[in-house]
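Participant: Below is the file query08.cif, which contains mmCIF, C-alpha atoms and all ligand atoms.
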```cif
data_model
#
loop_
_atom_site.label_atom_id
_atom_site.label_comp_id
_atom_site.auth_asym_id
_atom_site.auth_seq_id
_atom_site.Cartn_x
_atom_site.Cartn_y
_atom_site.Cartn_z
CA MET A 29 -50.29 -58.03 3.54
CA THR A 30 -51.41 -55.68 0.76
CA MET A 31 -54.31 -56.38 -1.56
CA THR A 32 -54.10 -56.41 -5.35
CA PRO A 33 -55.68 -53.29 -6.93
CA SER A 34 -58.79 -55.16 -8.08
CA LEU A 35 -59.32 -56.84 -4.72
CA ARG A 36 -58.84 -53.48 -3.02
CA LYS A 37 -61.56 -51.91 -5.22
CA PHE A 38 -63.91 -54.80 -4.49
CA ALA A 39 -63.34 -54.55 -0.74
CA LEU A 40 -63.65 -50.75 -0.82
CA THR A 41 -67.01 -51.07 -2.61
CA ALA A 42 -68.23 -53.36 0.17
CA HIS A 43 -66.85 -50.98 2.80
CA VAL A 44 -68.45 -47.82 1.40
CA THR A 45 -71.76 -49.62 0.71
CA SER A 46 -72.05 -50.95 4.26
CA SER A 47 -70.77 -47.81 6.01
CA VAL A 48 -72.81 -45.23 4.11
CA GLY A 49 -75.79 -47.62 4.05
CA TRP A 50 -75.59 -47.74 7.86
CA LEU A 51 -75.89 -43.95 7.96
CA GLY A 52 -78.90 -44.00 5.63
CA ALA A 53 -80.63 -46.72 7.63
CA VAL A 54 -80.17 -44.73 10.85
CA ALA A 55 -81.79 -41.72 9.12
CA ALA A 56 -84.83 -43.89 8.23
CA PHE A 57 -84.92 -45.22 11.81
CA LEU A 58 -84.85 -41.65 13.19
CA VAL A 59 -87.87 -40.62 11.12
CA LEU A 60 -89.81 -43.60 12.45
CA ALA A 61 -88.70 -42.91 16.04
CA VAL A 62 -89.99 -39.33 15.77
CA SER A 63 -93.32 -40.47 14.23
CA GLY A 64 -93.68 -43.16 16.87
CA LEU A 65 -93.23 -40.54 19.58
CA THR A 66 -95.34 -37.73 18.15
CA SER A 67 -98.09 -39.26 16.00
CA GLN A 68 -101.68 -39.11 17.28
CA ASP A 69 -102.66 -42.01 15.03
CA ALA A 70 -102.49 -45.35 16.90
CA GLN A 71 -101.96 -47.33 13.68
CA MET A 72 -99.05 -45.10 12.75
CA VAL A 73 -97.45 -45.50 16.19
CA ARG A 74 -97.74 -49.30 16.07
CA ALA A 75 -96.45 -49.45 12.48
CA ALA A 76 -93.49 -47.23 13.35
CA TYR A 77 -92.24 -49.37 16.26
CA LEU A 78 -92.74 -52.64 14.41
CA ALA A 79 -90.84 -51.31 11.41
CA MET A 80 -88.07 -49.93 13.65
CA GLU A 81 -87.44 -53.34 15.16
CA LEU A 82 -87.11 -54.91 11.70
CA ILE A 83 -84.85 -52.16 10.36
CA ALA A 84 -82.66 -52.33 13.46
CA TRP A 85 -82.18 -56.11 13.47
CA PHE A 86 -82.05 -56.78 9.75
CA VAL A 87 -80.50 -53.63 8.29
CA ILE A 88 -78.70 -51.49 10.87
CA VAL A 89 -76.95 -54.20 12.93
CA PRO A 90 -75.71 -56.18 9.88
CA LEU A 91 -74.50 -52.99 8.16
CA ALA A 92 -72.70 -51.81 11.31
CA LEU A 93 -70.89 -55.14 11.70
CA ALA A 94 -70.07 -55.21 7.98
CA SER A 95 -68.73 -51.64 8.13
CA LEU A 96 -66.45 -52.56 11.03
CA LEU A 97 -65.25 -55.78 9.43
CA THR A 98 -64.61 -54.28 5.97
CA GLY A 99 -62.98 -51.26 7.65
CA LEU A 100 -60.51 -53.62 9.34
CA VAL A 101 -59.86 -55.32 5.99
CA MET A 102 -59.27 -51.93 4.29
CA SER A 103 -56.85 -50.86 7.02
CA LEU A 104 -54.84 -54.05 7.30
CA GLY A 105 -54.90 -54.80 3.56
CA THR A 106 -53.57 -51.40 2.42
CA PRO A 107 -50.56 -49.27 3.35
CA TRP A 108 -52.92 -47.14 5.53
CA GLY A 109 -52.58 -49.62 8.42
CA LEU A 110 -54.80 -49.72 11.49
CA PHE A 111 -52.63 -47.80 13.97
CA GLN A 112 -50.53 -45.63 11.66
CA ASN A 113 -52.84 -42.77 10.77
CA TYR A 114 -54.99 -40.84 13.22
CA TRP A 115 -57.94 -40.66 10.83
CA VAL A 116 -58.09 -44.48 10.61
CA LEU A 117 -57.62 -44.87 14.38
CA PHE A 118 -60.42 -42.38 15.13
CA LYS A 119 -62.71 -44.13 12.66
CA LEU A 120 -62.03 -47.43 14.40
CA LEU A 121 -62.75 -45.97 17.86
CA ILE A 122 -65.93 -44.17 16.81
CA THR A 123 -67.24 -47.20 14.91
CA VAL A 124 -66.56 -49.59 17.81
CA VAL A 125 -68.26 -47.26 20.33
CA ALA A 126 -71.23 -46.64 17.98
CA THR A 127 -71.64 -50.40 17.46
CA ILE A 128 -71.60 -51.11 21.20
CA VAL A 129 -74.19 -48.38 21.87
CA LEU A 130 -76.29 -49.79 19.01
CA LEU A 131 -76.18 -53.32 20.41
CA LEU A 132 -77.19 -52.01 23.86
CA GLN A 133 -80.19 -50.28 22.25
CA MET A 134 -81.48 -53.49 20.70
CA GLU A 135 -83.17 -54.65 23.89
CA PRO A 136 -85.23 -51.47 24.46
CA ILE A 137 -86.10 -51.38 20.73
CA SER A 138 -87.43 -54.95 20.84
CA TYR A 139 -89.22 -54.31 24.13
CA ILE A 140 -91.07 -51.22 22.85
CA ALA A 141 -91.96 -53.02 19.61
CA GLY A 142 -93.34 -55.96 21.62
CA VAL A 143 -95.53 -53.68 23.75
CA ALA A 144 -96.66 -51.71 20.67
CA ALA A 145 -97.67 -54.96 18.95
CA GLU A 146 -99.81 -56.10 21.85
CA THR A 147 -101.34 -52.89 23.20
CA THR A 148 -102.18 -49.45 21.89
CA LEU A 149 -99.51 -47.04 23.12
CA SER A 150 -100.83 -43.74 24.44
CA SER A 151 -98.46 -40.80 24.19
CA ALA A 152 -97.54 -41.24 27.88
CA ASP A 153 -96.72 -44.97 27.69
CA LEU A 154 -92.98 -45.81 27.80
CA ARG A 155 -92.39 -42.14 27.09
CA GLU A 156 -88.82 -41.96 28.40
CA ALA A 157 -87.73 -45.05 26.51
CA ARG A 158 -89.31 -43.72 23.31
CA ILE A 159 -87.60 -40.34 23.71
CA SER A 160 -84.33 -42.18 24.34
CA LEU A 161 -84.67 -43.93 20.95
CA VAL A 162 -85.04 -40.55 19.21
CA VAL A 163 -82.01 -39.17 21.06
CA HIS A 164 -79.88 -42.24 20.31
CA ALA A 165 -80.85 -42.30 16.64
CA GLY A 166 -80.24 -38.55 16.22
CA GLY A 167 -76.97 -38.71 18.15
CA GLY A 168 -75.90 -41.80 16.21
CA LEU A 169 -76.51 -40.06 12.92
CA LEU A 170 -74.35 -37.09 13.95
CA VAL A 171 -71.60 -39.33 15.34
CA LEU A 172 -71.47 -41.41 12.14
CA LEU A 173 -70.86 -38.26 10.12
CA VAL A 174 -67.43 -38.00 11.78
CA PRO A 175 -65.94 -41.19 10.21
CA MET A 176 -67.65 -40.22 6.96
CA ILE A 177 -65.90 -36.83 6.88
CA LEU A 178 -62.56 -38.27 8.10
CA SER A 179 -62.68 -40.82 5.25
CA VAL A 180 -63.08 -38.22 2.56
CA TYR A 181 -60.62 -35.62 3.92
CA LYS A 182 -58.09 -38.12 5.36
CA PRO A 183 -56.22 -35.56 7.52
CA ARG A 184 -52.48 -36.14 7.36
CA GLY A 185 -51.53 -36.74 11.02
CA MET A 186 -49.59 -39.93 11.65
CA THR A 187 -49.05 -41.77 14.93
CA ARG A 188 -45.52 -42.30 16.24
CA TYR A 189 -45.81 -45.94 15.15
CA GLY A 190 -46.97 -44.81 11.71
CA ARG A 191 -43.96 -42.51 11.28
CA ARG A 192 -41.60 -45.31 12.26
CA LYS A 193 -43.23 -47.67 9.77
CA GLN A 194 -43.01 -45.02 7.07
CA HIS A 195 -39.32 -44.53 7.82
CA GLU A 196 -38.75 -48.29 7.63
CA ARG A 197 -40.52 -48.48 4.27
CA ARG A 198 -38.38 -45.65 2.90
CA THR A 199 -35.09 -47.13 4.05
CA GLU A 200 -36.09 -50.61 2.85
CA SER A 201 -36.80 -49.32 -0.65
CA GLN A 202 -33.34 -47.78 -0.89
CA PRO A 203 -30.64 -50.07 -2.33
C1 LIG B 301 -69.42 -45.46 9.94
C2 LIG B 301 -68.19 -45.82 9.78
C3 LIG B 301 -67.43 -45.62 8.49
C4 LIG B 301 -67.70 -44.82 7.40
C5 LIG B 301 -68.91 -43.89 7.15
C6 LIG B 301 -66.62 -45.04 6.45
C7 LIG B 301 -66.56 -44.47 5.19
C8 LIG B 301 -65.54 -44.65 4.30
C9 LIG B 301 -65.49 -44.11 2.96
C10 LIG B 301 -66.58 -43.27 2.29
C11 LIG B 301 -64.30 -44.48 2.41
C12 LIG B 301 -63.79 -44.16 1.00
C13 LIG B 301 -62.82 -43.02 1.01
C14 LIG B 301 -62.04 -42.89 -0.29
O1 LIG B 301 -61.81 -43.89 -0.99
O2 LIG B 301 -61.66 -41.76 -0.59
C15 LIG B 301 -63.57 -45.24 3.40
C16 LIG B 301 -62.31 -45.76 3.23
C17 LIG B 301 -61.57 -46.35 4.22
N1 LIG B 301 -62.03 -46.74 5.48
FE1 LIG B 301 -63.89 -46.39 6.24
N2 LIG B 301 -65.70 -45.91 7.01
C18 LIG B 301 -66.17 -46.29 8.25
C19 LIG B 301 -65.55 -47.16 9.14
C20 LIG B 301 -64.23 -47.58 9.02
C21 LIG B 301 -63.50 -48.33 10.02
C22 LIG B 301 -64.08 -48.84 11.34
C23 LIG B 301 -62.22 -48.48 9.55
C24 LIG B 301 -61.02 -49.15 10.18
C25 LIG B 301 -61.03 -49.95 11.17
C26 LIG B 301 -62.14 -47.87 8.25
C27 LIG B 301 -61.02 -47.80 7.45
C28 LIG B 301 -60.97 -47.30 6.16
C29 LIG B 301 -59.77 -47.26 5.33
C30 LIG B 301 -58.38 -47.75 5.72
C31 LIG B 301 -60.15 -46.68 4.10
C32 LIG B 301 -59.22 -46.40 2.90
C33 LIG B 301 -59.31 -47.55 1.91
C34 LIG B 301 -58.45 -47.34 0.68
O3 LIG B 301 -57.68 -46.40 0.61
O4 LIG B 301 -58.57 -48.18 -0.22
N3 LIG B 301 -63.40 -47.32 7.97
N4 LIG B 301 -64.36 -45.35 4.55
#
```
Show me the file's structure as structure tokens.
Facilitator:
Amino acid sequence: MTMTPSLRKFALTAHVTSSVGWLGAVAAFLVLAVSGLTSQDAQMVRAAYLAMELIAWFVIVPLALASLLTGLVMSLGTPWGLFQNYWVLFKLLITVVATIVLLLQMEPISYIAGVAAETTLSSADLREARISLVVHAGGGLLVLLVPMILSVYKPRGMTRYGRRKQHERRTESQP
């Protein structure tokens, strides 16, 4: 099931846009999480948490799901395959884990935003949960750099299954 060259370019554009966009949106989220935690200005703190909830639900989650989905399309629709090359397999694992952690963070994000909307948060209120958002966003950003780097360098290592497939392809193409 290989894609035509023009379809492959189209799908790759969607894949790179969603994946790298996800990284950028997490960077914006991190800045807001740090301001929400450290700012002395109550308006700034409220604005930060309200904006974080919107960015998380309407930018980060959709981009993460799109990155995963288009990544699957790129793997299964090209000779790279999903289980044949270690770089693709690691990207899949990291992206799935990052997406699960992200989805688990959505409840605390919405909770903090709800409290921030209704009351004025002092620097002690929900402190642990607010620190946890900074840690998760910072950690997420670093973790997402791994699939980014793997994609560009594409280290050669193939799985046992990948080597068998490659062998089959070579013998099939011989008359
Ligand atoms: C945050 C996660 C991800 C990032 C930052 C990312 C980034 C990228 C980038 C920049 C490229 C273009 C590389 C190039 O053309 O030289 C690429 C290609 C690719 N990605 Fe991802 N990706 C992510 C997730 C995934 C996932 C989850 C999969 C598989 C399940 C995947 C599979 C692929 C494949 C197979 C290609 C090669 C496509 C081709 O040769 O046409 N990616 N990715």
Participant: Write out as a PyMOL selection string each polymer residue (protein, DNA or RNA) that has an atom no more than 8 Å from ligand LIG 301 (chain B), with all atoms listed in the file counted.
Facilitator: chain A and resi 36-37+39-40+43-44+47-48+50-51+92+95-104+106+108-110+116-117+119-124+172-182
Participant: Gln194 of chain A: which residues within 12 Å, counting all atoms listed in the file, same-chain residues fewer than 4 positions away excluded, as a count of residues only?
Facilitator: 14
Participant: Which residue is closest to Phe118 of chain A? Choose from A:Thr30, A:Leu65, A:Val171, A:Thr45 and count all atoms listed in the file.
Facilitator: A:Val171
Participant: Taking all atoms listed in the file into account, which of A:Ala152, A:Leu169, A:Ala157, A:Val73 comes nearest Ala56 of chain A?
Facilitator: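 For Ala56 of chain A, the nearest of the candidates is A:Leu169.
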Participant: Enter the distance from atom CA of Ser63 of chain A to atom CA of Val87 of chain A, in Å, rounded to one decimal.
Facilitator: 19.3 Å
Participant: One decimal, Å: what's the distance from atom CA of Phe86 of chain A over to atom CA of Pro136 of chain A, could you say?
Facilitator: 16.0 Å
Participant: Fix up segment 158-175 of chain A with N, CA and C atoms, then write it as an mmCIF file, keeping the file's coordinate frame.
Facilitator:
```cif
data_model
loop_
_atom_site.group_PDB
_atom_site.id
_atom_site.type_symbol
_atom_site.label_atom_id
_atom_site.label_comp_id
_atom_site.auth_asym_id
_atom_site.auth_seq_id
_atom_site.Cartn_x
_atom_site.Cartn_y
_atom_site.Cartn_z
ATOM 1 N N ARG A 158 -89.072 -44.125 24.709
ATOM 2 C CA ARG A 158 -89.310 -43.720 23.310
ATOM 3 C C ARG A 158 -88.526 -42.452 22.972
ATOM 4 N N ILE A 159 -88.420 -41.544 23.947
ATOM 5 C CA ILE A 159 -87.600 -40.340 23.710
ATOM 6 C C ILE A 159 -86.138 -40.762 23.564
ATOM 7 N N SER A 160 -85.721 -41.725 24.403
ATOM 8 C CA SER A 160 -84.330 -42.180 24.340
ATOM 9 C C SER A 160 -83.990 -42.740 22.951
ATOM 10 N N LEU A 161 -84.952 -43.408 22.306
ATOM 11 C CA LEU A 161 -84.670 -43.930 20.950
ATOM 12 C C LEU A 161 -84.436 -42.779 19.968
ATOM 13 N N VAL A 162 -85.228 -41.709 20.100
ATOM 14 C CA VAL A 162 -85.040 -40.550 19.210
ATOM 15 C C VAL A 162 -83.666 -39.932 19.442
ATOM 16 N N VAL A 163 -83.302 -39.785 20.730
ATOM 17 C CA VAL A 163 -82.010 -39.170 21.060
ATOM 18 C C VAL A 163 -80.860 -40.031 20.545
ATOM 19 N N HIS A 164 -80.958 -41.347 20.765
ATOM 20 C CA HIS A 164 -79.880 -42.240 20.310
ATOM 21 C C HIS A 164 -79.767 -42.250 18.790
ATOM 22 N N ALA A 165 -80.909 -42.271 18.108
ATOM 23 C CA ALA A 165 -80.850 -42.300 16.640
ATOM 24 C C ALA A 165 -80.284 -40.985 16.103
ATOM 25 N N GLY A 166 -80.740 -39.860 16.672
ATOM 26 C CA GLY A 166 -80.240 -38.550 16.220
ATOM 27 C C GLY A 166 -78.756 -38.399 16.532
ATOM 28 N N GLY A 167 -78.375 -38.783 17.751
ATOM 29 C CA GLY A 167 -76.970 -38.710 18.150
ATOM 30 C C GLY A 167 -76.122 -39.625 17.281
ATOM 31 N N GLY A 168 -76.634 -40.828 17.036
ATOM 32 C CA GLY A 168 -75.900 -41.800 16.210
ATOM 33 C C GLY A 168 -75.643 -41.255 14.821
ATOM 34 N N LEU A 169 -76.657 -40.607 14.268
ATOM 35 C CA LEU A 169 -76.510 -40.060 12.920
ATOM 36 C C LEU A 169 -75.386 -39.009 12.889
ATOM 37 N N LEU A 170 -75.382 -38.133 13.890
ATOM 38 C CA LEU A 170 -74.350 -37.090 13.950
ATOM 39 C C LEU A 170 -72.965 -37.714 14.147
ATOM 40 N N VAL A 171 -72.890 -38.692 15.050
ATOM 41 C CA VAL A 171 -71.600 -39.330 15.340
ATOM 42 C C VAL A 171 -71.050 -40.032 14.092
ATOM 43 N N LEU A 172 -71.937 -40.679 13.331
ATOM 44 C CA LEU A 172 -71.470 -41.410 12.140
ATOM 45 C C LEU A 172 -70.980 -40.481 11.039
ATOM 46 N N LEU A 173 -71.376 -39.200 11.127
ATOM 47 C CA LEU A 173 -70.860 -38.260 10.120
ATOM 48 C C LEU A 173 -69.358 -38.035 10.299
ATOM 49 N N VAL A 174 -68.859 -38.241 11.525
ATOM 50 C CA VAL A 174 -67.430 -38.000 11.780
ATOM 51 C C VAL A 174 -66.552 -38.964 10.949
ATOM 52 N N PRO A 175 -66.737 -40.312 11.062
ATOM 53 C CA PRO A 175 -65.940 -41.190 10.210
ATOM 54 C C PRO A 175 -66.164 -40.925 8.717
#
```
